[in-house]
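With compact mmCIF, C-alpha atoms and all ligand atoms inside, this is start00.txt:
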```txt
# COMPACT_ATOMS: atom_id res chain seq x y z
CA MET A 1 0.00 0.00 0.00
CA ASN A 2 1.36 3.40 -0.89
CA ASP A 3 -0.12 6.86 -1.24
CA PHE A 4 -3.72 7.50 -0.42
CA SER A 5 -6.01 9.38 -2.79
CA ARG A 6 -7.87 12.49 -1.63
CA LYS A 7 -11.01 10.41 -1.25
CA GLU A 8 -9.23 7.77 0.81
CA ILE A 9 -7.76 10.46 3.06
CA ILE A 10 -11.22 11.92 3.62
CA ASP A 11 -12.69 8.48 4.35
CA ILE A 12 -9.95 7.71 6.86
CA LEU A 13 -10.37 11.08 8.57
CA ARG A 14 -14.12 10.44 8.87
CA ASP A 15 -13.96 6.85 10.07
CA ASP A 16 -12.83 6.52 13.67
CA THR A 17 -13.00 2.71 13.59
CA LEU A 18 -9.74 2.82 11.59
CA ASN A 19 -7.82 4.82 14.18
CA SER A 20 -5.67 2.10 15.76
CA TRP A 21 -4.81 0.72 12.33
CA LEU A 22 -3.88 4.24 11.17
CA PHE A 23 -1.71 5.06 14.18
CA ASN A 24 0.09 1.71 14.00
CA TYR A 25 0.68 2.06 10.29
CA ALA A 26 2.10 5.58 10.73
CA ASP A 27 4.33 4.25 13.51
CA GLU A 28 5.62 1.50 11.21
CA ILE A 29 6.38 3.99 8.43
CA ARG A 30 8.16 6.21 10.95
CA GLN A 31 10.25 3.25 12.11
CA LYS A 32 11.07 2.20 8.58
CA TYR A 33 12.00 5.63 7.17
CA VAL A 34 13.38 7.68 10.08
CA GLY A 35 14.14 5.00 12.66
CA ASN A 36 14.09 5.11 16.41
CA GLU A 37 15.84 8.41 16.95
CA VAL A 38 13.96 11.33 18.47
CA HIS A 39 15.42 14.75 17.68
CA LEU A 40 15.21 17.43 20.36
CA ARG A 41 15.16 21.04 19.19
CA GLY A 42 15.62 23.85 21.71
CA LEU A 43 12.98 26.51 21.13
CA ILE A 44 13.69 30.16 21.96
CA GLU A 45 10.63 32.41 21.95
CA PHE A 46 12.53 35.66 21.61
CA SER A 47 9.76 38.23 21.08
CA ASN A 48 6.01 38.15 21.57
CA ILE A 49 5.54 41.42 19.68
CA CYS A 50 3.51 40.89 16.51
CA LYS A 51 2.04 43.16 13.88
CA ASN A 52 -0.55 40.62 12.78
CA ALA A 53 -4.03 39.96 14.11
CA CYS A 54 -4.57 36.25 13.44
CA LYS A 55 -7.96 35.57 14.96
CA TYR A 56 -6.88 32.45 16.85
CA CYS A 57 -3.58 33.66 18.28
CA GLY A 58 -3.17 35.10 21.78
CA LEU A 59 -0.26 37.24 20.60
CA ARG A 60 -2.35 39.11 17.99
CA CYS A 61 -1.58 42.83 18.02
CA GLU A 62 -5.11 43.70 19.13
CA ASN A 63 -4.73 41.79 22.38
CA LYS A 64 -3.90 44.60 24.77
CA ASN A 65 -3.69 42.28 27.80
CA VAL A 66 -0.39 40.76 26.78
CA GLU A 67 2.71 42.04 28.49
CA ARG A 68 5.00 42.37 25.50
CA TYR A 69 8.67 41.48 25.68
CA ARG A 70 11.64 41.24 23.39
CA LEU A 71 14.92 39.55 24.29
CA THR A 72 18.04 41.51 23.39
CA PRO A 73 20.19 40.03 20.63
CA ASP A 74 22.80 39.27 23.29
CA ASP A 75 20.29 37.37 25.42
CA ILE A 76 19.08 35.40 22.41
CA VAL A 77 22.64 34.33 21.62
CA LYS A 78 23.30 33.51 25.27
CA THR A 79 20.15 31.41 25.54
CA ALA A 80 21.17 29.54 22.40
CA PHE A 81 24.62 28.95 23.87
CA GLU A 82 23.18 27.54 27.10
CA ALA A 83 20.90 25.25 25.11
CA SER A 84 23.81 24.01 22.99
CA LYS A 85 25.81 23.35 26.16
CA ILE A 86 23.14 21.04 27.54
CA GLY A 87 23.12 19.06 24.31
CA TYR A 88 20.64 20.61 21.88
CA LYS A 89 21.88 20.15 18.31
CA THR A 90 19.20 22.41 16.83
CA ILE A 91 18.11 25.84 17.99
CA VAL A 92 14.76 27.19 16.85
CA LEU A 93 14.28 30.95 16.98
CA GLN A 94 10.60 31.85 17.07
CA SER A 95 8.81 35.18 17.46
CA GLY A 96 5.85 37.24 16.40
CA GLU A 97 6.34 39.40 13.33
CA ASP A 98 8.42 42.02 15.11
CA ALA A 99 9.94 44.71 12.88
CA PHE A 100 12.61 45.54 15.45
CA PHE A 101 14.47 42.47 14.22
CA SER A 102 15.82 43.89 10.99
CA ARG A 103 17.69 41.86 8.44
CA LYS A 104 20.99 43.12 9.84
CA ILE A 105 20.20 42.35 13.48
CA LEU A 106 18.95 38.86 12.65
CA CYS A 107 21.90 38.02 10.40
CA ASN A 108 24.18 38.96 13.23
CA ILE A 109 22.30 36.75 15.71
CA ILE A 110 22.34 33.86 13.22
CA GLU A 111 26.07 34.18 12.59
CA ASN A 112 26.79 34.18 16.32
CA ILE A 113 24.61 31.16 17.06
CA LYS A 114 26.14 29.20 14.19
CA ASN A 115 29.45 29.26 16.13
CA PHE A 116 27.93 26.82 18.62
CA ASP A 117 27.91 23.74 16.36
CA VAL A 118 24.13 23.62 16.00
CA ALA A 119 21.62 23.60 13.19
CA LEU A 120 19.48 26.74 13.20
CA THR A 121 15.79 27.01 12.43
CA LEU A 122 13.89 30.28 12.04
CA SER A 123 10.19 30.66 12.72
CA ILE A 124 9.56 34.38 12.40
CA GLY A 125 6.82 34.63 9.83
CA GLU A 126 6.58 36.38 6.50
CA ARG A 127 9.61 38.33 5.30
CA SER A 128 10.89 39.46 1.92
CA PHE A 129 12.73 37.10 -0.42
CA ASP A 130 15.89 39.14 0.15
CA ASP A 131 15.58 38.75 3.91
CA TYR A 132 15.16 34.99 3.57
CA LYS A 133 18.17 34.93 1.26
CA ALA A 134 20.31 36.93 3.68
CA PHE A 135 19.33 34.71 6.65
CA LYS A 136 20.29 31.64 4.62
CA GLU A 137 23.62 33.16 3.69
CA SER A 138 24.26 33.94 7.35
CA GLY A 139 23.84 30.26 8.16
CA ALA A 140 20.17 29.56 8.88
CA ASP A 141 19.39 25.97 7.91
CA ARG A 142 15.65 25.61 8.27
CA TYR A 143 12.48 27.69 8.32
CA LEU A 144 9.08 26.97 9.81
CA ILE A 145 6.07 28.71 8.32
CA ARG A 146 2.76 26.95 8.64
CA ILE A 147 0.25 27.45 5.85
CA GLU A 148 -2.28 27.18 8.74
CA THR A 149 -5.06 26.14 6.32
CA THR A 150 -5.24 25.69 2.53
CA ASP A 151 -8.89 26.75 2.53
CA LYS A 152 -8.53 30.22 1.01
CA ASN A 153 -11.77 31.62 2.43
CA LEU A 154 -11.00 30.33 5.89
CA TYR A 155 -7.45 31.66 5.55
CA SER A 156 -8.69 35.18 4.76
CA PHE A 157 -11.20 35.10 7.60
CA MET A 158 -8.55 33.99 10.10
CA HIS A 159 -5.81 36.37 8.94
CA PRO A 160 -7.01 39.96 8.53
CA ASN A 161 -4.67 41.97 6.28
CA MET A 162 -2.75 38.91 5.18
CA GLU A 163 -2.79 37.23 1.78
CA PHE A 164 -2.91 33.51 1.17
CA GLU A 165 -0.90 34.02 -2.03
CA ASN A 166 1.83 35.75 -0.11
CA ARG A 167 2.00 32.88 2.36
CA LEU A 168 2.34 30.45 -0.54
CA ASN A 169 5.09 32.56 -2.05
CA CYS A 170 6.99 32.51 1.23
CA VAL A 171 6.76 28.72 1.34
CA LYS A 172 8.02 28.48 -2.25
CA SER A 173 10.81 31.02 -1.82
CA LEU A 174 12.13 29.24 1.26
CA LYS A 175 12.24 25.93 -0.59
CA ASP A 176 13.92 27.54 -3.60
CA LEU A 177 16.54 29.13 -1.36
CA GLY A 178 17.55 25.70 -0.10
CA TYR A 179 16.15 25.82 3.41
CA GLU A 180 14.77 22.72 4.98
CA LEU A 181 11.15 23.75 4.81
CA GLY A 182 8.72 23.27 7.64
CA THR A 183 5.05 23.98 7.22
CA GLY A 184 1.86 22.64 8.75
CA CYS A 185 -1.68 23.44 9.76
CA LEU A 186 -4.10 23.93 12.58
CA VAL A 187 -6.76 21.28 13.10
CA GLY A 188 -10.21 22.22 14.33
CA LEU A 189 -10.53 25.85 13.33
CA PRO A 190 -14.16 26.97 13.27
CA GLU A 191 -15.72 26.17 9.86
CA GLN A 192 -12.74 24.03 8.80
CA THR A 193 -13.86 20.99 6.82
CA ILE A 194 -12.49 17.46 6.63
CA GLU A 195 -12.06 18.00 2.88
CA SER A 196 -9.83 20.99 3.49
CA LEU A 197 -7.73 18.97 5.96
CA ALA A 198 -7.23 16.39 3.20
CA ASP A 199 -6.13 19.25 0.93
CA ASP A 200 -3.71 20.43 3.61
CA ILE A 201 -2.08 16.97 3.69
CA LEU A 202 -1.86 16.90 -0.12
CA PHE A 203 -0.36 20.40 -0.04
CA PHE A 204 2.37 19.19 2.33
CA LYS A 205 3.26 16.49 -0.15
CA GLU A 206 3.13 18.83 -3.13
CA SER A 207 5.35 21.45 -1.52
CA ASP A 208 7.98 18.78 -0.73
CA ALA A 209 8.08 19.94 2.87
CA ASP A 210 10.90 18.58 5.03
CA MET A 211 9.06 19.10 8.31
CA ILE A 212 5.38 19.28 9.17
CA GLY A 213 3.95 20.62 12.41
CA ILE A 214 0.31 19.88 13.15
CA GLY A 215 -1.57 21.02 16.19
CA PRO A 216 -5.15 21.20 17.42
CA PHE A 217 -6.68 24.67 17.63
CA ILE A 218 -7.01 25.80 21.24
CA PRO A 219 -9.26 28.84 21.82
CA HIS A 220 -7.55 31.72 23.59
CA PRO A 221 -9.79 33.76 25.93
CA GLN A 222 -8.41 37.08 24.68
CA THR A 223 -9.17 36.51 21.00
CA PRO A 224 -12.30 36.76 18.83
CA LEU A 225 -12.42 32.94 18.84
CA LYS A 226 -12.66 32.68 22.62
CA ASP A 227 -16.03 30.93 22.51
CA ALA A 228 -15.19 28.64 19.62
CA LYS A 229 -15.02 24.90 20.04
CA GLN A 230 -11.61 23.47 20.81
CA GLY A 231 -9.88 21.30 18.21
CA ASN A 232 -9.98 17.56 18.63
CA PHE A 233 -6.79 15.83 19.79
CA ILE A 234 -7.55 12.59 17.94
CA LEU A 235 -8.35 14.36 14.67
CA ALA A 236 -5.08 16.30 14.89
CA LEU A 237 -3.26 13.02 15.55
CA LYS A 238 -4.95 11.48 12.50
CA VAL A 239 -3.87 14.35 10.25
CA MET A 240 -0.35 13.90 11.60
CA ALA A 241 -0.38 10.11 11.07
CA LEU A 242 -1.60 10.51 7.49
CA THR A 243 1.12 13.07 6.87
CA ARG A 244 3.72 10.54 8.03
CA ILE A 245 2.26 7.87 5.76
CA LEU A 246 2.30 10.14 2.70
CA LEU A 247 5.57 12.02 3.25
CA LYS A 248 7.49 9.13 4.89
CA ASP A 249 11.02 10.39 5.54
CA ILE A 250 10.29 13.91 6.81
CA ASN A 251 10.62 15.22 10.36
CA ILE A 252 7.40 15.56 12.34
CA PRO A 253 7.25 17.14 15.80
CA ALA A 254 5.00 15.95 18.56
CA THR A 255 3.60 19.44 19.06
CA THR A 256 3.14 21.28 22.32
CA ALA A 257 -0.52 21.94 21.45
CA MET A 258 -1.06 18.16 21.48
CA GLU A 259 0.48 17.96 24.95
CA THR A 260 -1.83 20.78 26.05
CA LEU A 261 -4.95 18.78 25.15
CA ASN A 262 -3.70 15.44 26.42
CA PRO A 263 -1.28 15.05 29.35
CA ASN A 264 0.51 12.28 27.46
CA GLY A 265 0.07 13.95 24.07
CA ARG A 266 3.71 14.14 23.08
CA ILE A 267 4.38 10.46 23.76
CA ILE A 268 1.20 9.40 21.99
CA ALA A 269 2.26 11.53 19.01
CA LEU A 270 5.73 9.92 19.04
CA GLN A 271 3.97 6.56 18.77
CA SER A 272 1.74 7.69 15.90
CA GLY A 273 4.27 9.06 13.42
CA ALA A 274 6.21 11.87 15.14
CA ASN A 275 10.00 11.85 15.63
CA VAL A 276 10.82 15.33 16.96
CA ILE A 277 10.17 17.26 20.17
CA MET A 278 10.78 20.97 20.57
CA PRO A 279 11.26 21.76 24.27
CA ASN A 280 11.15 25.38 25.30
CA VAL A 281 14.51 26.76 26.43
CA THR A 282 13.38 30.37 26.92
CA VAL A 283 13.60 31.59 30.52
CA SER A 284 10.16 31.09 32.02
CA LYS A 285 9.57 34.74 32.91
CA TYR A 286 9.34 35.28 29.15
CA SER A 287 7.95 31.99 27.88
CA SER A 288 4.96 32.35 30.21
CA LYS A 289 4.13 35.54 28.30
CA TYR A 290 4.39 33.79 24.95
CA GLU A 291 0.84 32.64 25.18
CA ILE A 292 -0.23 31.70 21.66
CA TYR A 293 -2.93 29.59 23.32
CA PRO A 294 -3.77 29.03 27.01
CA ASN A 295 -2.20 26.38 29.27
CA LYS A 296 0.83 25.97 27.09
CA PRO A 297 3.15 23.64 29.01
CA CYS A 298 6.23 25.81 28.91
CA VAL A 299 7.34 26.90 32.33
CA GLU A 300 8.47 23.46 33.38
CA ASP A 301 10.22 22.87 30.04
CA ASN A 302 13.05 25.16 30.86
CA SER A 303 15.34 23.22 33.12
CA VAL A 304 18.04 20.65 32.66
CA ASN A 305 15.81 18.42 34.80
CA PHE A 306 12.99 18.72 32.35
CA LYS A 307 15.28 17.57 29.54
CA LYS A 308 16.44 14.56 31.59
CA ASN A 309 12.89 13.69 32.44
CA LEU A 310 11.75 13.92 28.86
CA GLU A 311 14.68 11.79 27.72
CA GLU A 312 13.73 9.12 30.24
CA ARG A 313 10.17 9.10 28.95
CA ILE A 314 11.44 8.75 25.39
CA LEU A 315 13.77 5.87 26.34
CA SER A 316 10.93 4.16 28.19
CA ILE A 317 8.98 3.76 24.93
CA GLY A 318 11.96 2.12 23.24
CA ARG A 319 13.24 5.16 21.39
CA VAL A 320 16.66 6.84 21.51
CA ILE A 321 17.75 10.47 21.69
CA SER A 322 19.49 11.60 18.53
CA LYS A 323 22.94 13.06 18.88
CA ASP A 324 23.10 14.59 15.42
CA TYR A 325 21.59 17.69 13.83
CA GLY A 326 18.55 15.83 12.60
CA PHE A 327 18.41 16.98 9.01
CA ARG A 328 15.97 15.17 6.78
CA LYS A 329 17.59 12.16 5.18
CA LYS A 330 15.78 11.89 1.90
CA THR A 331 15.15 8.33 0.87
CA LYS A 332 14.28 9.11 -2.74
N1 LIG A 401 -4.18 27.12 19.10
C1 LIG A 401 -3.29 26.26 18.56
N2 LIG A 401 -2.23 26.66 17.83
C2 LIG A 401 -2.07 27.98 17.61
N3 LIG A 401 -1.15 28.67 16.92
C3 LIG A 401 -1.43 29.98 17.03
N4 LIG A 401 -2.52 30.15 17.79
C4 LIG A 401 -2.96 28.93 18.16
C5 LIG A 401 -4.05 28.46 18.93
N5 LIG A 401 -4.95 29.27 19.49
C6 LIG A 401 -0.09 28.03 16.12
C7 LIG A 401 -0.10 28.52 14.68
C8 LIG A 401 1.29 29.07 14.48
C9 LIG A 401 2.08 28.38 15.55
C10 LIG A 401 3.35 29.08 15.95
O1 LIG A 401 1.18 28.35 16.63
O2 LIG A 401 -0.33 27.41 13.81
O3 LIG A 401 1.83 28.83 13.20
```
What would you get if you wrote out this structure as structure tokens?
Amino acid sequence: MNDFSRKEIIDILRDDTLNSWLFNYADEIRQKYVGNEVHLRGLIEFSNICKNACKYCGLRCENKNVERYRLTPDDIVKTAFEASKIGYKTIVLQSGEDAFFSRKILCNIIENIKNFDVALTLSIGERSFDDYKAFKESGADRYLIRIETTDKNLYSFMHPNMEFENRLNCVKSLKDLGYELGTGCLVGLPEQTIESLADDILFFKESDADMIGIGPFIPHPQTPLKDAKQGNFILALKVMALTRILLKDINIPATTAMETLNPNGRIIALQSGANVIMPNVTVSKYSSKYEIYPNKPCVEDNSVNFKKNLEERILSIGRVISKDYGFRKKTK
């Protein structure tokens, strides 16, 4: 059995009697194509300042209740150094779309962090082609930019003043520039259909993504979607499992949003197709203010103890902690 058609994907997403088969199959594909290693990526949430107003996100510019912060370039580099010292082989720099971080400032940060023998991932939203090019030339290896949803109408509703076409162009430019490309979607947005989730999965395949992050939508009380229904953990897991089955050798994180909805969410995800975890290494006085959605398990992520604990949990399910950078090893 190989790739599923759109119709098959839709049928599988609709039929919950197939769930254990689906999760086991995704786990087998994971084992066969990316093996037993789990890659840990240290996530630094360096600024919660954002010019956008995504309806689902707690950091949207219209949320006046957020205490905004921005780490200094020095602190970002220091945090990355500390993370590399405790064994992280990838650093992920994530922020809102914060104009303070000019091309020049970011290139400088990237160049400094690349001295620490780590792979570097950026997750800082939409920028110009020339910015992306400059970041790559400074040493950035990977870029995460979720498409969020491929349903154009839903995309426009969720992202005031943003253009779906522009998002697509960013995804394409990043791939063309030679980044390892990470994209992904939210599962359970109001009005999102099963058909559009199938299209999201097919989009991941089509864009030759190297990493896919999938998380359930979690309503934030300080957003216009505060009263909306929460995304379903199992449905998000199914989208993730199908993504593993179709894209095979890519990297897939067990996302924090999954852990938020299920206390064992990360481990369950690791057993249903995922092979990456992105623990938060930002000091907790900041990461607690990086509230994309409520109850994000972040504060306890920050210590060496947390890392040890997580590693023990990973070993206990028969997996090993990777010691390399964790680039995608393409099998075809
Ligand atoms: N629930 C779940 N995930 C969210 N994100 C933003 N807001 C929410 C929310 N309320 C996700 C988006 C974004 C990533 C960094 O966080 O998909 O790309």
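Considering all atoms listed in the file, every residue of the polymer chains approaching ligand LIG 401 (chain A) to 8 Å or closer is listed here: Cys54, Tyr56, Cys57, Gly58, Leu59, Gln94, Ser123, Ile145, Arg146, Ile147, Glu148, Gly184, Cys185, Leu186, Ile214, Gly215, Pro216, Phe217, Ile218, Pro219, His220, Ala257, Ile292, Tyr293 and Pro294 of chain A.
Remark: for A:Tyr69, the closest of the candidate residues A:Glu163, A:Asn305, A:Met211, A:Tyr286 is A:Tyr286 (distances computed over only C-alpha atoms).
The residue that comes closest to A:Asp227, out of A:Val38, A:Ala198, A:Tyr88, A:Leu189 and on the basis of only C-alpha atoms, is A:Leu189.
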Please list as a compact mmCIF listing (two decimals) with C-alpha atoms, in the coordinates of the input every residue within 7 Å of A:Leu122, counting all atoms listed in the file and excluding residues in the same chain fewer than 4 positions away.
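Once written, selection_39.txt looks like this:
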```
# COMPACT_ATOMS: atom_id res chain seq x y z
CA VAL A 92 14.76 27.19 16.85
CA LEU A 93 14.28 30.95 16.98
CA GLN A 94 10.60 31.85 17.07
CA ARG A 142 15.65 25.61 8.27
CA TYR A 143 12.48 27.69 8.32
CA LEU A 144 9.08 26.97 9.81
```
Selection: 8 Å around A:Gly139, only C-alpha atoms, excl. self and same-chain fewer than 5 positions, as an mmCIF file with C-alpha atoms, in the frame of the given file:
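So the final result, stored in part_35.cif, reads:
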```
data_model
loop_
_atom_site.group_PDB
_atom_site.id
_atom_site.type_symbol
_atom_site.label_atom_id
_atom_site.label_comp_id
_atom_site.auth_asym_id
_atom_site.auth_seq_id
_atom_site.Cartn_x
_atom_site.Cartn_y
_atom_site.Cartn_z
ATOM 1 C CA ILE A 110 22.340 33.860 13.220
ATOM 2 C CA GLU A 111 26.070 34.180 12.590
ATOM 3 C CA LYS A 114 26.140 29.200 14.190
ATOM 4 C CA LEU A 120 19.480 26.740 13.200
#
```
